[in-house]
Structure formats: structure tokens, C-alpha cells
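Shown next, in C-alpha cells, is the structure this report addresses.
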Amino acid sequence: MDRLAIGIDTGGTFTDGVLLQYKTRRILRTVKTLTTRDDLKKCVVRAIDQLEIDSPEAVKLVGVSSTLATNSIAMGNTRRVGLLLIGYDPKLIEEFGFGDKLSADVVAHFEGGHSAQGVQKATLDTEGIREWVEANKDEVDAIAISSYFSPLNPDHEERAFEIVRKHCDLAVVMGHQLSTHLDSIKRAATAALNASLVYVMHEFIEAVQAALKRRNIMNAALMIVRGDGTLMPCDEAVQKPVETILSGPAASAIGGDFITRKRSSLVIDVGGTTTDMAFVDNGSVVLSPNGARVGNIRTSVATAHIRTVCLGCDSLVHVDKYGTITVGPEKITPLCRFASTRQEVRDEILGLKNKSRNTWRESDLEYWALYNDAHQVSDDLLDDRAKQVVKLLADGPKSVSCLMEAVGVYHADQLAREQLRNYEVIEVGAMSPTDIFQAKEDLDLWDAEVADQAVRCYAHIHGKTRSGFIDDTIASIVKTLVEEAIIFLASHDLLDANMPERIQGSWGKWLLQELLTDDSRYLSVNIDSRFPITGVGAPADHFLRQVARVLSAPFVLPRHHEVANAIGAVAGSIMEIREARIFEQTSEDTHTFVIQLGREQLSFSHYEEACEYAEKACKKKALEAVTETGVSDPYVELKTSIEGGLTRVTARAVGSPKISD
């Protein structure tokens with residue numbers, strides 16, 4: 001019997017699933033289902049059910065890439081964390097404003113920590129830690145511990161860990177197990193974020209496992225995609241959920257590379273909410289040199305170098321008073337989808353054709369509805385105007401025109417729109433690229449008649465023809481993506497953090513405009529990409545073919561591009577990394593080179609001897625670790641780097657998931 005694999009990816013709009021033969025990688029079935037924004041477990045379970053697997057006993061591998069970690073952080077759906085900082089200077093943290101970057105609900109400081117030579121600089125305050133745990137264990141859901149210079153000596157983190165475990169049963173995270181970088185703030189933030197996600201990831205994986213069991217998929221290895229595109233066993237994902245930040249875009253890059261076999265290309269994933277760019281070099285996703293960033297929180301988590309543009313098929317199309325069209329960054333529900341399940345909205349939009357064109361207003365084509373879970377928002381968070389709007393929406397969706405008339409205002413902003421959106425009280429239905437492509441008959445997903453009527457109304461309101469409005473909207477999308485692709489590719493050469501995020505200045509804007517339009521009588525502006533562009537995601541063909549043409553890049557639109565991210569969820573390799581840090585310790589009568597490798601610390605008289613031992617030990621431990629996860633044909637890469645007085649020896653063991661018969 002052919003062994004099967006399931007790949008699942010939860011995106012901002014759709015959750016994709018694939019069923020494939022593992023040996024041949026032949027795609028047997030694909031599904032798309034709407035992502036349930038309030039509970040990602042639901043859409044993953046639904047995707048598994050809709051794959052309709054005939055031989056569940058043949059499924060031996062399930063891979064999941066998910067926005068769970070990123071979304072949980074962004075939406076505040078994490079658990080309360082107490083962060084224990086050992087040996088940190090609270091005055092410096094306050095002076096430099098680092099407190100806002102620690103991502104913890106409660107921060108407590110204790111004596112202890114080590115120096116840059118791994119030597120204890122103060123006795124660990126064990127009694128203070130014990131008292132704090134006893135007093136606060138019911139106020140937090142998880143605890144993170146970060147000790148100063150713990151990558152060079154984790155002793156105080158480990159002792160604090162034992163104290164916490166002895167006096168409570170909360171999840172406990174140690175910073176040195178997540179990051180060996182010496183940036184103490186990043187390491188503490190990474191530990192706190194990880195602690196806040198442990199229970200969230202545990203619940204998610206339990207739900208996925210229950211869904212698999214219900215489908216009689218009993219012997220499949222469950223893997224989760226890391227932010228660098230590699231796979232990790234689900235047990236490890238529960239311990240290190242922070243490593244799954246940006247796993248979705250990384251899976252898209254891996255999937256795009258896997259199904260095209262281009263090995264090196266710019267992979268652009270066009271989704272409903274965002275467009276994500278990643279570069280694949282010789283089959284591996286290029287990693288970010290600075291670690292993952294979520295909001296203002298900088299972490300030490302290794303992730304793919306991703307450039308995310310808040311532009312997708314579900315982005316808001318806006319026309320300013322000068323007739324200039326912009327798309328994004330706001331995500332809305334396309335009108336053709338919004339109306340497809342709301343008959344009264346459909347009737348109102350189609351009824352506009354029976355009214356005088358001169359009475360059409362943009363506010364006639366924006367609708368608000370309450371989310372099902374809107375009642376969970378505290379009244380204390382909403383002002384009187386917002387409460388008035390919520391009351392009006394209680395009996396069903398309404399156009400902004402209707403709401404403005406009922407409230408007695410003249411602009412949507414006077415309806416507390418920003419407040420209601422920020423607290424996710426309302427769903428907004430408005431003009432989007434999905435409506436444009438549905439009206440063009442390039443898509444056949446929702447209500448085509450509503451899309452066509454909405455496009456005709458929008459075009460007339462803004463003094464454009466139907467075709468002119470469509471062409472101008474697509475041109476705006478292409479312009480944005482061309483600019484973003486140029487900046488992203490150039491950033492691989494220009495690593496200066498001071499480079500602008502946009503093509504700025506009169507010359508820059510002129511060059512970009514000429515690149516797009518070729519209007520100049522005197523000059524022709526050309527940019528030739530040295531690599532092909534691989535398009536993935538359902539809307540990729542509509543968005544990217546013109547982008548590739550402008551950049552003189554070969555365009556590859558692979559078969560099953562619409563579910564490449566789900567394919568990437570099972571196409572990645574399993575990787576385990578083990579690292580040794582070598583540093584000097586000196587005193588009046590001794591000079592030694594210390595190796596810190598996991599919990600093991602050894603001293604050597606000679607630097608070369610220490611390096612030789614570190615290489616052998618790291619290689620052995622990495623190979624043992626990756627073998628335990630179940631891989632076939634693992635190999636190990638060694639890398640040595642020097643950071644001032646610190647030498648890092650890193651062993652990277654990689655292999656493909658091994659599937660038993």
C-alpha cells in the first residue's frame with residue numbers, strides 16, 4: 001500500500017489541505033476551507049475531514065504550518081506570563097525603555113547571573129524566587145526564566161527552574177534553551193513569548209490529534225513547520241511554540257521550491273490578507289539575520305527572511321479625491337463573499353441599478369456586521385457611539401449609508417469605525433481585488449452578479465469606466481508588488497539597517513514610474529532580475545505575471561500553486577542544531593578555554609584542542625537528536641564563527657522524515 005502524507009496550512013483567509021503519495025509526491029486531493037479566525041483548530045479539523053481519505057491507515061505523516069503563534073501574539077490570545085530576570089539591571093531596563101520589549105505580564109528581578117567569562121557575579125537569590133512563586137503562581141499561567149549570560153553558564157536558570165517546578169505545576173521556560181545569543185533582552189523576550197504560547201500550542205495539537213484519531217489516522221507522525229521552513233515533531237513544538245512564528249510564509253517558500261525544482265528563485269505567495277516574499281537559494285530558504293519580530297517584540301527565533309506586504313485578494317480598495325487607487329493595508333471581506341450568505345445585502349446591492357446613478361455613494365457599498373463573538377468585548381472598551389452602532393447591527397448587517405443616517409453623522413469615521421475594528425467587533429464588507437477578479441470572470445468563488453454591480457457602481461462614483469477602474473486597480477497592485485520585490489531583492493545585498501523601506505525621493509519615484517510605464521521620450525528604464533519568480537497562492541497568476549514581466553524575470557506558476565503552502569508543510573526537512581560556545585576564563589594563575597555545550601561544561605588548556613572537541617561533540621549530539629525524531633539519510637553540516645572573544649561551533653543535522661510501513 002502506498003504511504004500517504006497530509007499537509008495543512010492555515011492562512012489569514014483560507015486553510016489549505018493536500019493529500020499526497022509520500023514516495024512519489026503525487027497530489028491526490030486538495031481542499032480549501034475558510035479559516036476560522038476565532039479558533040484555528042476548527043478549520044484544521046475541517047480540512048482534514050474534507051480530504052475524504054479512503055485509506056486512513058496508509059497516512060504516515062501529517063505536517064501543519066499555522067499562523068497560530070503569530071496570530072495569538074497579534075490578537076492578544078496568549079496566556080499570562082511571569083518573567084524572572086536573574087542578574088539584570090532594572091534601572092538600565094527602565095532607562096532604555098526595554099520593559100515594553102519583554103512581552104511579559106509580570107516582571108520580577110533577582111540577584112544572580114554570570115559574567116562574560118561565565119563566572120558567577122552574584123549569589124542566586126533562591127529564597128526570593130521561592131517566595132515570588134508562592135505569591136504569584138495563581139496570577140500567571142506560565143513562567144519564563146532568563147539569567148544574565150546564561151548561554152555561557154545556565155546554572156542559575158536551571159536552579160531557578162527546579163525551584164519553580166517544586167512549588168507549582170505551571171509551564172516553565174528557560175531562555176538558554178531557546179536562544180544562545182548574548183542579547184539578553186531578545187533572549188528574555190523570546191522566553192516570555194514562548195511561555196505565553198505553550199498552552200495555546202498544546203490545545204491546538206491536541207485538537208489536531210483528536211481529529212486524526214476520529215478519521216482513524218492512528219500511526220502518522222505529526223510535524224509542525226518552524227519559521228525557517230524545517231519540520232519539528234509535535235512534542236517539540238509544544239515545548240518551543242515560539243519557533244513556529246512565520247511558519248506559513250516559510251512553508252509557502254518550501255512548497256514553491258519543491259514543486260518547481262528551481263532550487264533558487266524569488267517565491268511570492270499571494271494570499272487573501274498579505275503577500276509574502278521569500279528567497280530560496282539552492283533549495284534552502286534564506287534566513288533573516290536578525291531573528292523574528294512580532295510587533296515591537298524582537299526575538300532570537302530563526303525564521304525565513306520574509307517581506308510581508310499587507311496586500312491580498314481581500315484587501316480594501318480605496319480611491320482618494322484625486323482618483324488615485326490604493327489597495328490595502330486593511331483587510332476586509334469582499335462584497336461578493338459578504339453578500340453570498342446575506343440575502344438582504346445582495347438585494348440592496350443589486351437594487352442600486354434601479355436607482356439614479358447620481359445618488360450612488362461609496363458608503364452604499366460598505367457593509368458592517370457583528371462578528372459572532374462580538375458579545376465577548378467588554379462594554380467598558382467601547383464608547384457611547386460604538387455602543388450605538390453595535391445596537392443598530394444587532395438585528396443584522398447594514399450599509400454605512402444606513403448607519404450614518406440612523407446615527408445622524410456624515411462620515412464613517414464618526415461611527416467609531418476604528419474602535420470597532422480594533423476590538424474586532426465588526427466584520428466589514430467592501431470593495432476588494434476579489435470583487436475585481438470575480439467581475440472579470442477570472443475567479444468563480446462567490447456572487448459574480450454582486451461583484452459586477454459593485455464594480456460598476458464604484459467606477460461611476462469615481463468618474464471611471466468599468467474597464468478603466470479594473471485596469472487602474474490592477475496597475476496599483478502591480479506597482480506596489482514591483483516596488484516591494486525590488487526592495488526585497490536589493491536588501492540581500494544592502495544590509496544597512498538605515499536603508500529606507502520605500503523607494504523615495506523624486507528620482508526614485510520617477511525611475512519606478514518609468515520602469516512601469518516606459519513613457520519617457522529620452523530614457524528607457526529596465527531592471528533585470530537574476531532569478532525567476534515563482535508564484536504561489538490562489539491569486540498568484542492574476543497578480544504576479546505582470547510583476548515578473550516588469551522585472552524581466554522568468555515567471556513560474558507551478559501546478560497546485562494554490563496549495564503550495566500546504567505542500568510545504570510536508571516537503572520540509574527535519575533539522576536539529578547543537579551548538580557549543582567557547583570562551584576564555586582567566587584569573588591570576590590560570591588561563592583556560594571553556595566549552596559550554598548544553599548542560600556540559602569542560603575546560604581546555606589550548607584553543608585548538610577545545611575547538612576540535614566541540615566539533616566532534618556537537619556533530620555527535622546533533623546526529624543523535626535528529627535520528628531520535630525519525631529521519632532517513634541524515635547529514636551534518638559544521639560551522640564555526642567568532643564573535644569577539646566568543647567562538648561558536650554549530651552542528652546542523654538534517655534529514656527527511658522517515659515513514660514506517
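Just remember, in the C-alpha cells the first chain shown is A, the second B, etc., residues are 1-based per chain, and ligands are 1-based in the order shown.
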Report task. Just the strand (DSSP E) stuff from segment 616-646 of chain A, please, per backbone DSSP, written as a ChimeraX atom specification. Result -> /A:631-643,646
Suppose we keep all heavy atoms; can you now write the selection as a CSV table (one decimal), in the first residue's frame?
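To be explicit, this is the file written out as again22.csv:
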```csv
chain,number,residue,atom,x,y,z
A,631,VAL,N,14.3,10.1,11.0
A,631,VAL,CA,14.7,10.6,9.7
A,631,VAL,C,15.4,9.5,8.9
A,631,VAL,O,15.9,8.5,9.4
A,631,VAL,CB,15.6,11.8,9.8
A,631,VAL,CG1,14.9,13.0,10.5
A,631,VAL,CG2,16.9,11.5,10.5
A,632,SER,N,15.5,9.8,7.6
A,632,SER,CA,16.3,8.9,6.7
A,632,SER,C,17.4,9.6,6.2
A,632,SER,O,17.3,10.8,5.8
A,632,SER,CB,15.4,8.3,5.6
A,632,SER,OG,14.9,9.4,4.8
A,633,ASP,N,18.6,9.0,6.1
A,633,ASP,CA,19.8,9.5,5.5
A,633,ASP,C,20.2,10.9,6.0
A,633,ASP,O,20.3,11.9,5.2
A,633,ASP,CB,19.6,9.6,3.9
A,633,ASP,CG,19.3,8.3,3.3
A,633,ASP,OD1,19.9,7.3,3.8
A,633,ASP,OD2,18.5,8.2,2.4
A,634,PRO,N,20.3,11.1,7.3
A,634,PRO,CA,20.7,12.4,7.8
A,634,PRO,C,22.1,12.7,7.5
A,634,PRO,O,23.0,11.9,7.3
A,634,PRO,CB,20.6,12.2,9.4
A,634,PRO,CG,20.8,10.7,9.6
A,634,PRO,CD,20.2,10.0,8.4
A,635,TYR,N,22.4,14.0,7.4
A,635,TYR,CA,23.7,14.5,7.2
A,635,TYR,C,24.0,15.7,8.1
A,635,TYR,O,23.0,16.3,8.6
A,635,TYR,CB,24.0,14.9,5.7
A,635,TYR,CG,23.2,16.1,5.3
A,635,TYR,CD1,23.6,17.4,5.4
A,635,TYR,CD2,21.9,15.9,4.7
A,635,TYR,CE1,22.9,18.5,4.9
A,635,TYR,CE2,21.1,17.0,4.2
A,635,TYR,CZ,21.6,18.3,4.4
A,635,TYR,OH,20.9,19.3,3.9
A,636,VAL,N,25.2,16.0,8.4
A,636,VAL,CA,25.6,17.1,9.4
A,636,VAL,C,26.5,18.1,8.7
A,636,VAL,O,27.4,17.8,8.0
A,636,VAL,CB,26.3,16.5,10.6
A,636,VAL,CG1,26.6,17.6,11.6
A,636,VAL,CG2,25.4,15.4,11.2
A,637,GLU,N,26.1,19.4,8.9
A,637,GLU,CA,26.9,20.5,8.5
A,637,GLU,C,27.5,21.2,9.7
A,637,GLU,O,26.8,21.4,10.7
A,637,GLU,CB,26.1,21.5,7.7
A,637,GLU,CG,25.5,20.9,6.4
A,637,GLU,CD,24.6,21.9,5.7
A,637,GLU,OE1,24.1,22.9,6.4
A,637,GLU,OE2,24.3,21.8,4.6
A,638,LEU,N,28.8,21.5,9.6
A,638,LEU,CA,29.5,22.1,10.8
A,638,LEU,C,29.8,23.6,10.4
A,638,LEU,O,30.2,23.8,9.2
A,638,LEU,CB,30.8,21.4,11.1
A,638,LEU,CG,30.7,20.2,12.0
A,638,LEU,CD1,32.0,19.5,12.1
A,638,LEU,CD2,30.2,20.6,13.4
A,639,LYS,N,29.7,24.5,11.3
A,639,LYS,CA,30.0,25.9,11.0
A,639,LYS,C,30.7,26.5,12.3
A,639,LYS,O,30.2,26.2,13.4
A,639,LYS,CB,28.8,26.7,10.7
A,639,LYS,CG,29.0,28.2,10.5
A,639,LYS,CD,27.7,28.9,10.2
A,639,LYS,CE,28.0,30.4,10.0
A,639,LYS,NZ,26.7,31.1,9.8
A,640,THR,N,31.8,27.2,12.1
A,640,THR,CA,32.4,27.9,13.2
A,640,THR,C,32.5,29.4,12.9
A,640,THR,O,32.8,29.8,11.8
A,640,THR,CB,33.9,27.4,13.4
A,640,THR,OG1,33.9,26.0,13.6
A,640,THR,CG2,34.6,28.1,14.5
A,641,SER,N,32.0,30.2,13.9
A,641,SER,CA,32.1,31.6,13.8
A,641,SER,C,32.6,32.2,15.0
A,641,SER,O,32.6,31.7,16.1
A,641,SER,CB,30.6,32.2,13.5
A,641,SER,OG,29.8,31.8,14.6
A,642,ILE,N,33.2,33.4,14.9
A,642,ILE,CA,33.8,34.1,16.0
A,642,ILE,C,33.1,35.4,16.2
A,642,ILE,O,33.0,36.2,15.3
A,642,ILE,CB,35.3,34.3,15.7
A,642,ILE,CG1,36.0,33.0,15.6
A,642,ILE,CG2,36.0,35.1,16.9
A,642,ILE,CD1,37.5,33.1,15.2
A,643,GLU,N,32.7,35.7,17.5
A,643,GLU,CA,32.1,36.9,17.8
A,643,GLU,C,32.9,37.5,19.0
A,643,GLU,O,32.6,37.2,20.2
A,643,GLU,CB,30.6,36.7,18.3
A,643,GLU,CG,29.8,36.0,17.2
A,643,GLU,CD,28.4,35.6,17.8
A,643,GLU,OE1,28.0,36.0,18.9
A,643,GLU,OE2,27.7,34.8,17.1
A,646,LEU,N,34.2,35.2,21.7
A,646,LEU,CA,33.3,34.0,21.8
A,646,LEU,C,33.4,33.3,20.5
A,646,LEU,O,33.3,33.9,19.4
A,646,LEU,CB,31.9,34.4,22.1
A,646,LEU,CG,30.9,33.2,22.1
A,646,LEU,CD1,31.1,32.4,23.4
A,646,LEU,CD2,29.5,33.7,22.1
```
Query - alpha helix (DSSP H) positions in segment 397-640 of chain A, given as a PyMOL selection string - result: chain A and resi 400-407+417-422+433-439+448-461+466-491+505-517+540-550+564-571+607-629
Requested in this report: Please identify all polymer residues within 8 Å of Val626 of chain A, counting only C-alpha atoms, omitting same-chain residues fewer than 5 positions from it, and present them as an MDAnalysis selection string.
Outcome: chainID A and resid 574:576 631 634 653:655
Can I get the selected residues back with N, CA and C atoms, as a PDB file, in the first residue's frame?
```
ATOM      1  N   ILE A 574      13.617  17.663   8.421  1.00  0.00           N
ATOM      2  CA  ILE A 574      13.726  17.747   9.879  1.00  0.00           C
ATOM      3  C   ILE A 574      15.152  18.169  10.202  1.00  0.00           C
ATOM      4  N   MET A 575      15.286  19.123  11.101  1.00  0.00           N
ATOM      5  CA  MET A 575      16.612  19.632  11.424  1.00  0.00           C
ATOM      6  C   MET A 575      16.779  19.736  12.937  1.00  0.00           C
ATOM      7  N   GLU A 576      17.928  19.368  13.404  1.00  0.00           N
ATOM      8  CA  GLU A 576      18.301  19.560  14.809  1.00  0.00           C
ATOM      9  C   GLU A 576      19.654  20.258  14.841  1.00  0.00           C
ATOM     10  N   VAL A 631      14.345  10.079  11.026  1.00  0.00           N
ATOM     11  CA  VAL A 631      14.694  10.606   9.706  1.00  0.00           C
ATOM     12  C   VAL A 631      15.404   9.536   8.896  1.00  0.00           C
ATOM     13  N   PRO A 634      20.324  11.060   7.313  1.00  0.00           N
ATOM     14  CA  PRO A 634      20.702  12.378   7.840  1.00  0.00           C
ATOM     15  C   PRO A 634      22.139  12.744   7.485  1.00  0.00           C
ATOM     16  N   ALA A 653      22.154  19.099  11.823  1.00  0.00           N
ATOM     17  CA  ALA A 653      21.850  17.763  11.314  1.00  0.00           C
ATOM     18  C   ALA A 653      20.496  17.796  10.611  1.00  0.00           C
ATOM     19  N   VAL A 654      20.464  17.309   9.369  1.00  0.00           N
ATOM     20  CA  VAL A 654      19.263  17.418   8.540  1.00  0.00           C
ATOM     21  C   VAL A 654      18.934  16.063   7.926  1.00  0.00           C
ATOM     22  N   GLY A 655      17.646  15.770   7.853  1.00  0.00           N
ATOM     23  CA  GLY A 655      17.194  14.552   7.192  1.00  0.00           C
ATOM     24  C   GLY A 655      15.733  14.647   6.832  1.00  0.00           C
TER      25      GLY A 655
END
```
Query raised in the report: Near segment 323-334 of chain A, counting only C-alpha atoms, which residues have an atom at most 9 Å away, once you skip same-chain residues fewer than 4 positions from it, shown as a count of residues only?
Result: 35
Need to verify the contact set: Asp228 of chain A, 10 Å, only C-alpha atoms, exclusion of same-chain residues closer than 5 positions in sequence. Can you return it as a PDB file with N, CA and C atoms, in the first residue's frame?
```pdb
ATOM      1  N   GLU A 243       9.030  28.990  18.038  1.00  0.00           N
ATOM      2  CA  GLU A 243       9.782  28.711  16.811  1.00  0.00           C
ATOM      3  C   GLU A 243       8.880  28.542  15.591  1.00  0.00           C
ATOM      4  N   THR A 244       7.555  28.537  15.802  1.00  0.00           N
ATOM      5  CA  THR A 244       6.633  28.409  14.670  1.00  0.00           C
ATOM      6  C   THR A 244       6.180  29.763  14.139  1.00  0.00           C
ATOM      7  N   ILE A 245       6.681  30.866  14.707  1.00  0.00           N
ATOM      8  CA  ILE A 245       6.370  32.188  14.164  1.00  0.00           C
ATOM      9  C   ILE A 245       6.795  32.240  12.698  1.00  0.00           C
ATOM     10  N   LEU A 246       5.904  32.730  11.847  1.00  0.00           N
ATOM     11  CA  LEU A 246       6.135  32.860  10.401  1.00  0.00           C
ATOM     12  C   LEU A 246       6.276  31.502   9.704  1.00  0.00           C
ATOM     13  N   SER A 247       5.706  30.458  10.287  1.00  0.00           N
ATOM     14  CA  SER A 247       5.818  29.151   9.645  1.00  0.00           C
ATOM     15  C   SER A 247       5.049  29.100   8.331  1.00  0.00           C
ATOM     16  N   GLY A 248       3.937  29.857   8.215  1.00  0.00           N
ATOM     17  CA  GLY A 248       3.154  29.843   6.989  1.00  0.00           C
ATOM     18  C   GLY A 248       3.927  30.336   5.775  1.00  0.00           C
ATOM     19  N   PRO A 249       4.511  31.558   5.827  1.00  0.00           N
ATOM     20  CA  PRO A 249       5.311  32.021   4.686  1.00  0.00           C
ATOM     21  C   PRO A 249       6.499  31.118   4.383  1.00  0.00           C
ATOM     22  N   ALA A 250       7.120  30.559   5.427  1.00  0.00           N
ATOM     23  CA  ALA A 250       8.250  29.650   5.192  1.00  0.00           C
ATOM     24  C   ALA A 250       7.792  28.395   4.469  1.00  0.00           C
ATOM     25  N   ALA A 251       6.635  27.862   4.860  1.00  0.00           N
ATOM     26  CA  ALA A 251       6.096  26.676   4.190  1.00  0.00           C
ATOM     27  C   ALA A 251       5.770  26.970   2.728  1.00  0.00           C
ATOM     28  N   ALA A 253       7.348  29.063   0.786  1.00  0.00           N
ATOM     29  CA  ALA A 253       8.616  29.081   0.048  1.00  0.00           C
ATOM     30  C   ALA A 253       9.115  27.662  -0.201  1.00  0.00           C
ATOM     31  N   ILE A 254       9.044  26.824   0.818  1.00  0.00           N
ATOM     32  CA  ILE A 254       9.474  25.433   0.671  1.00  0.00           C
ATOM     33  C   ILE A 254       8.601  24.714  -0.354  1.00  0.00           C
ATOM     34  N   SER A 284      17.266  25.970  -0.140  1.00  0.00           N
ATOM     35  CA  SER A 284      17.043  26.338   1.260  1.00  0.00           C
ATOM     36  C   SER A 284      16.511  27.760   1.342  1.00  0.00           C
ATOM     37  N   VAL A 285      15.587  27.974   2.266  1.00  0.00           N
ATOM     38  CA  VAL A 285      15.051  29.315   2.470  1.00  0.00           C
ATOM     39  C   VAL A 285      16.113  30.178   3.134  1.00  0.00           C
ATOM     40  N   VAL A 286      16.353  31.355   2.570  1.00  0.00           N
ATOM     41  CA  VAL A 286      17.313  32.284   3.165  1.00  0.00           C
ATOM     42  C   VAL A 286      16.740  32.814   4.475  1.00  0.00           C
ATOM     43  N   LEU A 287      17.542  32.759   5.535  1.00  0.00           N
ATOM     44  CA  LEU A 287      17.075  33.140   6.868  1.00  0.00           C
ATOM     45  C   LEU A 287      17.333  34.611   7.153  1.00  0.00           C
ATOM     46  N   SER A 288      16.517  35.148   8.047  1.00  0.00           N
ATOM     47  CA  SER A 288      16.703  36.526   8.480  1.00  0.00           C
ATOM     48  C   SER A 288      17.929  36.614   9.380  1.00  0.00           C
ATOM     49  N   ALA A 292      13.150  36.668  14.303  1.00  0.00           N
ATOM     50  CA  ALA A 292      11.747  37.036  14.072  1.00  0.00           C
ATOM     51  C   ALA A 292      11.373  38.259  14.890  1.00  0.00           C
ATOM     52  N   VAL A 301      14.442  34.072  17.518  1.00  0.00           N
ATOM     53  CA  VAL A 301      13.946  32.911  16.795  1.00  0.00           C
ATOM     54  C   VAL A 301      14.415  32.962  15.342  1.00  0.00           C
ATOM     55  N   ALA A 302      15.023  31.867  14.873  1.00  0.00           N
ATOM     56  CA  ALA A 302      15.469  31.783  13.482  1.00  0.00           C
ATOM     57  C   ALA A 302      14.259  31.622  12.570  1.00  0.00           C
ATOM     58  N   THR A 303      14.096  32.547  11.647  1.00  0.00           N
ATOM     59  CA  THR A 303      12.983  32.471  10.707  1.00  0.00           C
ATOM     60  C   THR A 303      13.474  32.809   9.307  1.00  0.00           C
ATOM     61  N   ALA A 304      12.661  32.437   8.346  1.00  0.00           N
ATOM     62  CA  ALA A 304      12.958  32.816   6.969  1.00  0.00           C
ATOM     63  C   ALA A 304      12.966  34.335   6.848  1.00  0.00           C
ATOM     64  N   HIS A 305      13.811  34.829   5.940  1.00  0.00           N
ATOM     65  CA  HIS A 305      13.827  36.260   5.641  1.00  0.00           C
ATOM     66  C   HIS A 305      12.604  36.541   4.791  1.00  0.00           C
ATOM     67  N   ILE A 306      11.575  37.095   5.414  1.00  0.00           N
ATOM     68  CA  ILE A 306      10.284  37.305   4.765  1.00  0.00           C
ATOM     69  C   ILE A 306      10.009  38.804   4.667  1.00  0.00           C
ATOM     70  N   GLY A 572       9.246  19.841   3.838  1.00  0.00           N
ATOM     71  CA  GLY A 572      10.444  20.301   4.530  1.00  0.00           C
ATOM     72  C   GLY A 572      11.239  19.168   5.154  1.00  0.00           C
TER      73      GLY A 572
END
```
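By chain and then residue number, the residues within 10 Å of His167 of chain A are Arg130, Glu131, Val133, Glu134 and Lys137 of chain A, counting only C-alpha atoms and disregarding those fewer than 6 positions away in sequence.
Proximity ranking of A:Tyr148, A:Cys457, A:Ala580, A:Ile595 relative to Lys621 of chain A places A:Ala580 first, based on only C-alpha atoms.
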Query - Residues within 6 Å of segment 211-224 of chain A, only C-alpha atoms, excluding chain neighbours under 2 positions, as a ChimeraX atom specification - result: /A:45,56-57,59-65,208-209,231-234
